[in-house]
Every structure is written in C-alpha cells, then in structure tokens.
>>> print(open('my_file-v6.pdb').read())   # PDB, C-alpha atoms and all ligand atoms
ATOM      1  CA  MET R   1     289.971 118.787  85.323
ATOM      2  CA  LEU R   2     288.245 116.982  82.438
ATOM      3  CA  SER R   3     290.009 119.341  80.020
ATOM      4  CA  ALA R   4     293.441 118.983  81.633
ATOM      5  CA  ASP R   5     296.279 116.992  80.081
ATOM      6  CA  PHE R   6     295.924 113.615  81.827
ATOM      7  CA  GLY R   7     299.525 112.819  80.942
ATOM      8  CA  ASN R   8     300.652 115.926  82.821
ATOM      9  CA  LEU R   9     298.103 116.189  85.613
ATOM     10  CA  GLN R  10     300.601 117.305  88.245
ATOM     11  CA  ARG R  11     301.825 120.151  86.013
ATOM     12  CA  ASP R  12     298.261 121.285  85.309
ATOM     13  CA  ILE R  13     297.263 121.094  88.988
ATOM     14  CA  GLU R  14     300.292 123.189  89.948
ATOM     15  CA  MET R  15     299.199 125.781  87.394
ATOM     16  CA  LEU R  16     295.758 125.823  89.065
ATOM     17  CA  ASN R  17     297.320 126.033  92.534
ATOM     18  CA  ALA R  18     299.136 129.174  91.439
ATOM     19  CA  SER R  19     296.046 130.656  89.768
ATOM     20  CA  GLU R  20     293.054 132.505  91.231
ATOM     21  CA  CYS R  21     290.689 129.550  90.855
ATOM     22  CA  ASP R  22     288.897 128.565  94.061
ATOM     23  CA  TRP R  23     288.101 124.897  93.559
ATOM     24  CA  LEU R  24     289.186 122.050  91.304
ATOM     25  CA  HIS R  25     286.123 120.612  89.573
ATOM     26  CA  VAL R  26     286.425 116.874  88.971
ATOM     27  CA  ASP R  27     284.003 115.119  86.576
ATOM     28  CA  VAL R  28     283.518 111.402  87.212
ATOM     29  CA  MET R  29     281.647 109.625  84.383
ATOM     30  CA  ASP R  30     280.619 105.991  84.298
ATOM     31  CA  GLY R  31     279.663 105.395  80.652
ATOM     32  CA  VAL R  32     276.097 104.576  81.773
ATOM     33  CA  PHE R  33     274.585 107.752  83.194
ATOM     34  CA  VAL R  34     276.487 109.671  80.510
ATOM     35  CA  PRO R  35     277.923 108.243  77.289
ATOM     36  CA  ASN R  36     281.532 108.979  78.181
ATOM     37  CA  ILE R  37     283.875 107.352  80.731
ATOM     38  CA  SER R  38     286.358 109.699  82.429
ATOM     39  CA  PHE R  39     288.114 108.325  85.530
ATOM     40  CA  GLY R  40     287.415 107.065  89.030
ATOM     41  CA  GLN R  41     288.716 107.196  92.603
ATOM     42  CA  PRO R  42     292.402 106.314  91.892
ATOM     43  CA  VAL R  43     292.806 109.387  89.670
ATOM     44  CA  VAL R  44     290.899 111.596  92.140
ATOM     45  CA  LYS R  45     293.339 110.427  94.824
ATOM     46  CA  HIS R  46     296.288 111.560  92.703
ATOM     47  CA  ILE R  47     294.644 114.916  91.981
ATOM     48  CA  LYS R  48     294.142 115.364  95.736
ATOM     49  CA  LYS R  49     297.801 114.647  96.408
ATOM     50  CA  HIS R  50     298.887 117.736  94.441
ATOM     51  CA  ALA R  51     295.895 120.069  94.845
ATOM     52  CA  ARG R  52     296.027 122.888  97.358
ATOM     53  CA  LYS R  53     292.375 123.831  96.780
ATOM     54  CA  PRO R  54     289.144 121.984  97.581
ATOM     55  CA  LEU R  55     288.079 119.190  95.243
ATOM     56  CA  ASP R  56     284.562 119.671  93.912
ATOM     57  CA  VAL R  57     283.683 116.183  92.707
ATOM     58  CA  HIS R  58     280.751 115.920  90.299
ATOM     59  CA  LEU R  59     279.500 112.352  90.029
ATOM     60  CA  MET R  60     277.912 111.591  86.666
ATOM     61  CA  ILE R  61     277.230 107.998  87.613
ATOM     62  CA  VAL R  62     274.125 105.922  88.280
ATOM     63  CA  ASP R  63     273.192 105.327  91.912
ATOM     64  CA  PRO R  64     276.006 107.526  93.310
ATOM     65  CA  GLY R  65     274.986 106.700  96.893
ATOM     66  CA  ARG R  66     277.045 103.514  96.542
ATOM     67  CA  TYR R  67     280.286 105.490  96.280
ATOM     68  CA  VAL R  68     279.967 108.266  98.880
ATOM     69  CA  ASN R  69     282.597 106.861 101.223
ATOM     70  CA  ASP R  70     284.953 105.926  98.373
ATOM     71  CA  PHE R  71     285.064 109.503  97.143
ATOM     72  CA  LYS R  72     285.457 110.808 100.677
ATOM     73  CA  GLU R  73     288.512 108.554 101.002
ATOM     74  CA  ALA R  74     289.766 109.686  97.590
ATOM     75  CA  GLY R  75     289.773 113.283  98.843
ATOM     76  CA  ALA R  76     286.513 114.936  97.776
ATOM     77  CA  ASP R  77     285.618 118.062  99.780
ATOM     78  CA  ILE R  78     282.371 118.749  97.934
ATOM     79  CA  LEU R  79     280.377 115.897  96.416
ATOM     80  CA  THR R  80     277.525 116.542  93.992
ATOM     81  CA  VAL R  81     275.107 113.954  92.639
ATOM     82  CA  HIS R  82     272.544 114.096  89.860
ATOM     83  CA  TYR R  83     268.857 114.395  90.675
ATOM     84  CA  GLU R  84     268.244 112.066  87.720
ATOM     85  CA  ALA R  85     270.623 109.395  89.033
ATOM     86  CA  CYS R  86     269.355 109.062  92.623
ATOM     87  CA  THR R  87     266.393 106.942  93.648
ATOM     88  CA  HIS R  88     266.835 108.121  97.252
ATOM     89  CA  LEU R  89     268.185 111.623  96.911
ATOM     90  CA  ASP R  90     267.448 112.712 100.480
ATOM     91  CA  ARG R  91     269.273 109.674 101.843
ATOM     92  CA  THR R  92     272.262 110.215  99.566
ATOM     93  CA  LEU R  93     272.584 113.899 100.534
ATOM     94  CA  HIS R  94     272.500 112.968 104.221
ATOM     95  CA  ALA R  95     275.136 110.282 103.606
ATOM     96  CA  ILE R  96     277.450 112.861 101.988
ATOM     97  CA  LYS R  97     277.026 115.250 104.926
ATOM     98  CA  ASP R  98     277.491 112.423 107.443
ATOM     99  CA  ALA R  99     280.757 111.514 105.697
ATOM    100  CA  GLY R 100     281.988 115.061 106.379
ATOM    101  CA  MET R 101     281.700 116.580 102.902
ATOM    102  CA  GLN R 102     279.649 119.427 101.524
ATOM    103  CA  CYS R 103     276.805 118.143  99.377
ATOM    104  CA  GLY R 104     274.902 119.241  96.337
ATOM    105  CA  VAL R 105     272.382 118.255  93.703
ATOM    106  CA  VAL R 106     273.032 118.522  89.970
ATOM    107  CA  LEU R 107     270.258 119.157  87.450
ATOM    108  CA  ASN R 108     270.491 118.267  83.767
ATOM    109  CA  PRO R 109     269.277 120.927  81.310
ATOM    110  CA  GLY R 110     265.916 119.142  80.973
ATOM    111  CA  THR R 111     265.256 118.858  84.724
ATOM    112  CA  SER R 112     263.202 121.582  86.386
ATOM    113  CA  VAL R 113     264.517 123.715  89.252
ATOM    114  CA  ALA R 114     261.087 123.264  90.891
ATOM    115  CA  LEU R 115     262.032 119.642  91.696
ATOM    116  CA  LEU R 116     264.506 120.947  94.295
ATOM    117  CA  GLU R 117     261.693 122.268  96.521
ATOM    118  CA  ASP R 118     262.168 119.392  99.026
ATOM    119  CA  THR R 119     265.960 119.058  98.979
ATOM    120  CA  ILE R 120     267.265 122.610  98.657
ATOM    121  CA  GLN R 121     267.431 122.933 102.468
ATOM    122  CA  LEU R 122     270.034 120.143 102.561
ATOM    123  CA  CYS R 123     272.244 121.536  99.793
ATOM    124  CA  ASP R 124     275.480 123.481 100.205
ATOM    125  CA  VAL R 125     275.506 123.906  96.443
ATOM    126  CA  VAL R 126     273.233 123.261  93.475
ATOM    127  CA  LEU R 127     274.936 122.614  90.167
ATOM    128  CA  LEU R 128     273.048 123.489  87.006
ATOM    129  CA  MET R 129     274.269 121.706  83.893
ATOM    130  CA  SER R 130     274.410 124.251  81.093
ATOM    131  CA  VAL R 131     275.092 121.533  78.515
ATOM    132  CA  ASN R 132     273.911 117.919  78.317
ATOM    133  CA  PRO R 133     276.588 116.175  80.360
ATOM    134  CA  GLY R 134     279.076 113.697  79.003
ATOM    135  CA  PHE R 135     281.654 115.650  77.038
ATOM    136  CA  GLY R 136     283.791 118.744  77.377
ATOM    137  CA  GLY R 137     283.806 121.543  74.831
ATOM    138  CA  GLN R 138     280.053 122.085  74.317
ATOM    139  CA  LYS R 139     278.135 125.348  73.862
ATOM    140  CA  LEU R 140     276.144 126.758  76.798
ATOM    141  CA  ILE R 141     272.361 126.285  76.485
ATOM    142  CA  GLU R 142     270.569 129.688  76.550
ATOM    143  CA  ASN R 143     267.808 128.566  78.943
ATOM    144  CA  THR R 144     270.493 128.288  81.647
ATOM    145  CA  TYR R 145     270.104 132.007  82.472
ATOM    146  CA  ASN R 146     266.389 131.498  83.262
ATOM    147  CA  LYS R 147     267.199 128.485  85.414
ATOM    148  CA  VAL R 148     269.832 130.406  87.389
ATOM    149  CA  GLU R 149     267.245 133.130  88.088
ATOM    150  CA  GLN R 150     264.632 130.574  89.143
ATOM    151  CA  LEU R 151     267.139 128.851  91.400
ATOM    152  CA  ARG R 152     268.234 132.166  92.918
ATOM    153  CA  ALA R 153     264.584 132.845  93.842
ATOM    154  CA  LEU R 154     264.214 129.362  95.360
ATOM    155  CA  CYS R 155     267.452 129.763  97.359
ATOM    156  CA  ASN R 156     266.394 133.199  98.621
ATOM    157  CA  ARG R 157     263.151 131.668  99.831
ATOM    158  CA  LYS R 158     264.459 128.427 101.370
ATOM    159  CA  ASN R 159     268.267 128.375 101.697
ATOM    160  CA  PRO R 160     270.057 131.697 101.093
ATOM    161  CA  GLN R 161     273.461 130.136 101.929
ATOM    162  CA  CYS R 162     273.249 127.627  99.084
ATOM    163  CA  LEU R 163     275.716 128.313  96.255
ATOM    164  CA  ILE R 164     274.605 128.228  92.623
ATOM    165  CA  GLU R 165     277.129 126.573  90.341
ATOM    166  CA  VAL R 166     277.024 126.414  86.524
ATOM    167  CA  ASP R 167     278.872 123.751  84.531
ATOM    168  CA  GLY R 168     279.294 123.481  80.765
ATOM    169  CA  GLY R 169     280.371 125.902  78.052
ATOM    170  CA  VAL R 170     281.340 128.662  80.515
ATOM    171  CA  ASN R 171     283.737 131.244  79.050
ATOM    172  CA  THR R 172     284.780 134.872  79.530
ATOM    173  CA  GLU R 173     281.897 136.059  77.294
ATOM    174  CA  ASN R 174     279.001 134.399  79.135
ATOM    175  CA  ALA R 175     280.488 134.529  82.669
ATOM    176  CA  PRO R 176     279.311 138.119  83.421
ATOM    177  CA  LYS R 177     275.779 137.242  82.292
ATOM    178  CA  LEU R 178     275.712 134.100  84.473
ATOM    179  CA  PHE R 179     276.975 136.122  87.446
ATOM    180  CA  ALA R 180     274.323 138.788  86.821
ATOM    181  CA  ALA R 181     271.635 136.079  86.739
ATOM    182  CA  GLY R 182     272.713 134.928  90.213
ATOM    183  CA  ALA R 183     275.422 132.289  89.780
ATOM    184  CA  ASP R 184     278.098 132.033  92.518
ATOM    185  CA  VAL R 185     280.415 129.371  91.086
ATOM    186  CA  LEU R 186     281.417 128.914  87.454
ATOM    187  CA  VAL R 187     283.054 125.744  86.160
ATOM    188  CA  ALA R 188     285.376 126.338  83.223
ATOM    189  CA  GLY R 189     287.208 123.535  81.449
ATOM    190  CA  ASN R 190     288.010 124.133  77.802
ATOM    191  CA  ALA R 191     287.912 127.919  78.256
ATOM    192  CA  VAL R 192     290.879 127.556  80.637
ATOM    193  CA  PHE R 193     292.854 124.629  79.261
ATOM    194  CA  ARG R 194     292.517 125.564  75.570
ATOM    195  CA  SER R 195     293.546 129.132  76.357
ATOM    196  CA  ALA R 196     297.019 130.350  75.382
ATOM    197  CA  ASP R 197     297.308 131.778  78.915
ATOM    198  CA  PRO R 198     295.182 129.708  81.350
ATOM    199  CA  VAL R 199     296.206 131.721  84.434
ATOM    200  CA  LYS R 200     295.102 134.939  82.756
ATOM    201  CA  THR R 201     291.831 133.369  81.576
ATOM    202  CA  ILE R 202     291.088 132.315  85.171
ATOM    203  CA  HIS R 203     291.888 135.863  86.285
ATOM    204  CA  ASP R 204     289.544 137.258  83.600
ATOM    205  CA  LEU R 205     286.775 134.874  84.693
ATOM    206  CA  LYS R 206     287.193 135.972  88.312
ATOM    207  CA  GLN R 207     286.994 139.629  87.255
TER
HETATM  208 ZN    ZN B 301     281.074 118.881  86.078
END
>>> encode(input="my_file-v6.pdb", output="structure tokens")
Amino acid sequence: MLSADFGNLQRDIEMLNASECDWLHVDVMDGVFVPNISFGQPVVKHIKKHARKPLDVHLMIVDPGRYVNDFKEAGADILTVHYEACTHLDRTLHAIKDAGMQCGVVLNPGTSVALLEDTIQLCDVVLLMSVNPGFGGQKLIENTYNKVEQLRALCNRKNPQCLIEVDGGVNTENAPKLFAAGADVLVAGNAVFRSADPVKTIHDLKQ
C-alpha cells in the first residue's frame, strides 16, 4: 500500500480487491527505526474498511510490542515485527498470537537468517527485506536469493508451515527466481502501482 495513491486509497483498494493479489501489505514507519514516516493506525483502519483481503501489517517501528493491540484494533490480520527492533522478541510474538493475529519476524538485509533459530517455531511467516527498509522503489539486493534458500532449509528443519515472504524491489523479472529459491509470498509495491495495468501485473506476478 506504500506505493498506492493516498489521495485515492479507496479506489486503489477496490482495484486490489478485484485483482488476484492475496493480501494487502501495509508498511508502518515511525521515522526512527527507518528514516521515513508513512502512516499509523487511523489509516490502517480506513484501509481495513474497504479491503476484502487480509491485511499484512509490517511494523517498521522501534519497540513494536507497545502497539500490538492497537494494530489488532485497526484491523491487522498478520502482524510482523523487526528482529532488530525488539528487545523481547519472544514476548512480542506471543503477544501478537494472543491478540488473535498471525505473527512474523522481519529481517533486514544485514541480519542473518541463523538468528531465527530460537523463534522460527513461533512464526507463521518470516519476512526477508530485500532492500534496506524505509522507502519504496528500491532495487532488490542480490544476496536475498541466498537468504531465501537458507531460510527454506531452516523452515524445513524446524517449522515447515512457516511462509517465506520477500519485500522490496520485487517485480515480474525477479519473481520467478525468488519463487524458485523458496519464497511463498512476494510483496510488490512500485511494480504494481507504477504499472500501466496493475491488475495484469498482479496476474503476471501470480503466474
Ligand atoms: Zn513491507
């Protein structure tokens, strides 16, 4: 949703409702954990009002454990938090599950997949950042393919149900390669919203 037209959110959400996309990915940025500020719970609430698909809310904020219940109330179905932003990651993941949402950990490009060894069992999804978070429209970092493969091996060993999600610079060219490496969920922002035919681009990504 970060790449949507914020002046025409309802129109863009209706386009997504009618498309083949599975989830709406919502990036919340606080201007501290990442340089940019996007939006908070009031906007998520409005997105929820129009969306007919699950909201996958990605918190790029410091100490996200403080806001678990707020984002549940705002309408999040899946809530992911950064490994780098949580002092008590295990506690925060349990809090998300206890609030009735699916939970996940997000890793920045510089954070090793090996650090998930003790939390992967709790995760419904792990989100790998394929760019340094904070802005839309960046180019996918090549090392992402290795990380997806490493994560796939870790999931096979400890939590085969866990979904692998990739966020940042995803487009129709790199999507097949990410899928082949083991990714289950691809987040596309600019590739969709800057496309002349977003519905077709979503279809092409799904193919
Ligand atoms: Zn995101």
>>> resolve_selection(input="my_file-v6.pdb", expression="the PyMOL selection byres (((chain R and resi 138) around 12) and not hetatm)", output="PyMOL selection string")
chain R and resi 3+129-137+139-141+167-171+188-191
>>> residues_near_ligand(input="my_file-v6.pdb", ligand="ligand ZN 301 (chain B)", cutoff="7 Å", atoms="all atoms listed in the file", output="ChimeraX atom specification")
/R:25-27,58,167
>>> atom_distance(input="my_file-v6.pdb", atom1="atom CA of Leu55 of chain R", atom2="atom CA of Lys97 of chain R")
15.2 Å
>>> resolve_selection(input="my_file-v6.pdb", expression="the PyMOL selection byres (((chain R and resi 40) around 12) and not hetatm)", output="tab-separated table (two decimals) with C-alpha atoms, in the coordinates of the input")
chain	number	residue	atom	x	y	z
R	2	LEU	CA	288.24	116.98	82.44
R	26	VAL	CA	286.42	116.87	88.97
R	27	ASP	CA	284.00	115.12	86.58
R	28	VAL	CA	283.52	111.40	87.21
R	29	MET	CA	281.65	109.62	84.38
R	30	ASP	CA	280.62	105.99	84.30
R	31	GLY	CA	279.66	105.40	80.65
R	37	ILE	CA	283.88	107.35	80.73
R	38	SER	CA	286.36	109.70	82.43
R	39	PHE	CA	288.11	108.32	85.53
R	41	GLN	CA	288.72	107.20	92.60
R	42	PRO	CA	292.40	106.31	91.89
R	43	VAL	CA	292.81	109.39	89.67
R	44	VAL	CA	290.90	111.60	92.14
R	45	LYS	CA	293.34	110.43	94.82
R	46	HIS	CA	296.29	111.56	92.70
R	47	ILE	CA	294.64	114.92	91.98
R	57	VAL	CA	283.68	116.18	92.71
R	58	HIS	CA	280.75	115.92	90.30
R	59	LEU	CA	279.50	112.35	90.03
R	60	MET	CA	277.91	111.59	86.67
R	61	ILE	CA	277.23	108.00	87.61
R	67	TYR	CA	280.29	105.49	96.28
R	70	ASP	CA	284.95	105.93	98.37
R	71	PHE	CA	285.06	109.50	97.14
R	74	ALA	CA	289.77	109.69	97.59
R	75	GLY	CA	289.77	113.28	98.84
R	76	ALA	CA	286.51	114.94	97.78
>>> residues_near_point(input="my_file-v6.pdb", point="(274.1, 109.2, 88.4)", cutoff="7 Å", atoms="only C-alpha atoms", output="list in words")
Phe33, Leu59, Met60, Ile61, Val62, Asp63, Pro64, Val81, His82, Glu84, Ala85 and Cys86 of chain R
>>> atom_distance(input="my_file-v6.pdb", atom1="atom CA of Ser195 of chain R", atom2="atom CA of Met15 of chain R")
12.8 Å
>>> resolve_selection(input="my_file-v6.pdb", expression="the PyMOL selection byres (((chain R and resi 100-106) around 7) and not hetatm)", output="ChimeraX atom specification")
/R:77-83,93,96-99,107-108,123-129
>>> closest_residue(input="my_file-v6.pdb", among="R:Glu149, R:Asp197, R:Asp118, R:Asp204", to="Ala181 of chain R", atoms="all atoms listed in the file")
R:Glu149
>>> residues_near_point(input="my_file-v6.pdb", point="(301.8, 123.3, 89.3)", cutoff="12 Å", atoms="all atoms listed in the file", output="number ranges by chain")
R: 8-19, 47, 49-52, 199
>>> atom_distance(input="my_file-v6.pdb", atom1="atom CA of Thr119 of chain R", atom2="atom CA of Lys48 of chain R")
28.6 Å
>>> closest_residue(input="my_file-v6.pdb", among="R:Thr172, R:Gln207, R:Gln150, R:Asn36", to="Ala114 of chain R", atoms="all atoms listed in the file")
R:Gln150
>>> axis_aligned_box(input="my_file-v6.pdb", around="segment 167-177 of chain R", padding_each_side="3 Å", output="AutoDock Vina command-line options")
--center_x 280.3 --center_y 130.8 --center_z 80.9 --size_x 15.0 --size_y 20.6 --size_z 13.2
>>> closest_residue(input="my_file-v6.pdb", among="R:Ala95, R:Cys155, R:Val148, R:Leu205", to="Pro176 of chain R", atoms="all atoms listed in the file")
R:Leu205
>>> closest_residue(input="my_file-v6.pdb", among="R:Gln121, R:Thr201, R:Thr144, R:Thr87", to="Lys158 of chain R", atoms="all atoms listed in the file")
R:Gln121
>>> build_atoms(input="my_file-v6.pdb", residues="segment 184-195 of chain R", atoms="all heavy atoms", output="JSON list (two decimals), keeping the file's coordinate frame")
[["chain", "number", "residue", "atom", "x", "y", "z"],
["R", 184, "ASP", "N", 276.99, 131.78, 91.58],
["R", 184, "ASP", "CA", 278.10, 132.03, 92.52],
["R", 184, "ASP", "C", 279.39, 131.36, 92.07],
["R", 184, "ASP", "O", 280.47, 131.84, 92.36],
["R", 184, "ASP", "CB", 277.75, 131.47, 93.91],
["R", 184, "ASP", "CG", 276.49, 132.05, 94.47],
["R", 184, "ASP", "OD1", 276.49, 133.24, 94.79],
["R", 184, "ASP", "OD2", 275.49, 131.30, 94.58],
["R", 185, "VAL", "N", 279.26, 130.19, 91.44],
["R", 185, "VAL", "CA", 280.42, 129.37, 91.09],
["R", 185, "VAL", "C", 280.33, 129.00, 89.61],
["R", 185, "VAL", "O", 279.30, 128.50, 89.16],
["R", 185, "VAL", "CB", 280.44, 128.07, 91.93],
["R", 185, "VAL", "CG1", 281.68, 127.24, 91.61],
["R", 185, "VAL", "CG2", 280.36, 128.37, 93.42],
["R", 186, "LEU", "N", 281.39, 129.26, 88.88],
["R", 186, "LEU", "CA", 281.42, 128.91, 87.45],
["R", 186, "LEU", "C", 282.50, 127.87, 87.21],
["R", 186, "LEU", "O", 283.64, 128.04, 87.64],
["R", 186, "LEU", "CB", 281.69, 130.15, 86.60],
["R", 186, "LEU", "CG", 280.69, 131.31, 86.75],
["R", 186, "LEU", "CD1", 281.10, 132.48, 85.85],
["R", 186, "LEU", "CD2", 279.27, 130.85, 86.40],
["R", 187, "VAL", "N", 282.11, 126.80, 86.53],
["R", 187, "VAL", "CA", 283.05, 125.74, 86.16],
["R", 187, "VAL", "C", 283.53, 126.02, 84.74],
["R", 187, "VAL", "O", 282.72, 126.14, 83.83],
["R", 187, "VAL", "CB", 282.37, 124.36, 86.21],
["R", 187, "VAL", "CG1", 283.35, 123.27, 85.80],
["R", 187, "VAL", "CG2", 281.79, 124.09, 87.59],
["R", 188, "ALA", "N", 284.83, 126.13, 84.57],
["R", 188, "ALA", "CA", 285.38, 126.34, 83.22],
["R", 188, "ALA", "C", 286.42, 125.27, 82.94],
["R", 188, "ALA", "O", 287.33, 125.05, 83.74],
["R", 188, "ALA", "CB", 285.98, 127.74, 83.10],
["R", 189, "GLY", "N", 286.27, 124.59, 81.83],
["R", 189, "GLY", "CA", 287.21, 123.54, 81.45],
["R", 189, "GLY", "C", 287.98, 123.95, 80.22],
["R", 189, "GLY", "O", 289.11, 124.44, 80.31],
["R", 190, "ASN", "N", 287.35, 123.78, 79.07],
["R", 190, "ASN", "CA", 288.01, 124.13, 77.80],
["R", 190, "ASN", "C", 288.43, 125.59, 77.74],
["R", 190, "ASN", "O", 289.49, 125.91, 77.20],
["R", 190, "ASN", "CB", 287.07, 123.83, 76.63],
["R", 190, "ASN", "CG", 287.33, 122.45, 76.06],
["R", 190, "ASN", "OD1", 287.77, 121.56, 76.79],
["R", 190, "ASN", "ND2", 287.08, 122.26, 74.79],
["R", 191, "ALA", "N", 287.59, 126.48, 78.30],
["R", 191, "ALA", "CA", 287.91, 127.92, 78.26],
["R", 191, "ALA", "C", 289.27, 128.17, 78.90],
["R", 191, "ALA", "O", 290.03, 129.04, 78.46],
["R", 191, "ALA", "CB", 286.83, 128.72, 78.97],
["R", 192, "VAL", "N", 289.60, 127.38, 79.94],
["R", 192, "VAL", "CA", 290.88, 127.56, 80.64],
["R", 192, "VAL", "C", 291.99, 126.78, 79.93],
["R", 192, "VAL", "O", 293.02, 127.34, 79.56],
["R", 192, "VAL", "CB", 290.75, 127.10, 82.11],
["R", 192, "VAL", "CG1", 292.11, 127.00, 82.77],
["R", 192, "VAL", "CG2", 289.84, 128.06, 82.87],
["R", 193, "PHE", "N", 291.76, 125.48, 79.72],
["R", 193, "PHE", "CA", 292.85, 124.63, 79.26],
["R", 193, "PHE", "C", 293.17, 124.78, 77.78],
["R", 193, "PHE", "O", 294.26, 124.42, 77.34],
["R", 193, "PHE", "CB", 292.58, 123.17, 79.63],
["R", 193, "PHE", "CG", 292.80, 122.89, 81.09],
["R", 193, "PHE", "CD1", 291.73, 122.81, 81.96],
["R", 193, "PHE", "CD2", 294.08, 122.76, 81.60],
["R", 193, "PHE", "CE1", 291.93, 122.57, 83.32],
["R", 193, "PHE", "CE2", 294.30, 122.51, 82.95],
["R", 193, "PHE", "CZ", 293.22, 122.42, 83.81],
["R", 194, "ARG", "N", 292.22, 125.32, 76.99],
["R", 194, "ARG", "CA", 292.52, 125.56, 75.57],
["R", 194, "ARG", "C", 293.00, 127.01, 75.36],
["R", 194, "ARG", "O", 293.25, 127.43, 74.25],
["R", 194, "ARG", "CB", 291.30, 125.30, 74.69],
["R", 194, "ARG", "CG", 290.74, 123.88, 74.78],
["R", 194, "ARG", "CD", 291.65, 122.82, 74.15],
["R", 194, "ARG", "NE", 291.18, 121.48, 74.50],
["R", 194, "ARG", "CZ", 291.59, 120.79, 75.57],
["R", 194, "ARG", "NH1", 292.48, 121.30, 76.40],
["R", 194, "ARG", "NH2", 291.10, 119.58, 75.84],
["R", 195, "SER", "N", 293.09, 127.74, 76.45],
["R", 195, "SER", "CA", 293.55, 129.13, 76.36],
["R", 195, "SER", "C", 295.07, 129.17, 76.21],
["R", 195, "SER", "O", 295.77, 128.32, 76.76],
["R", 195, "SER", "CB", 293.11, 129.87, 77.62],
["R", 195, "SER", "OG", 293.89, 131.04, 77.81]]
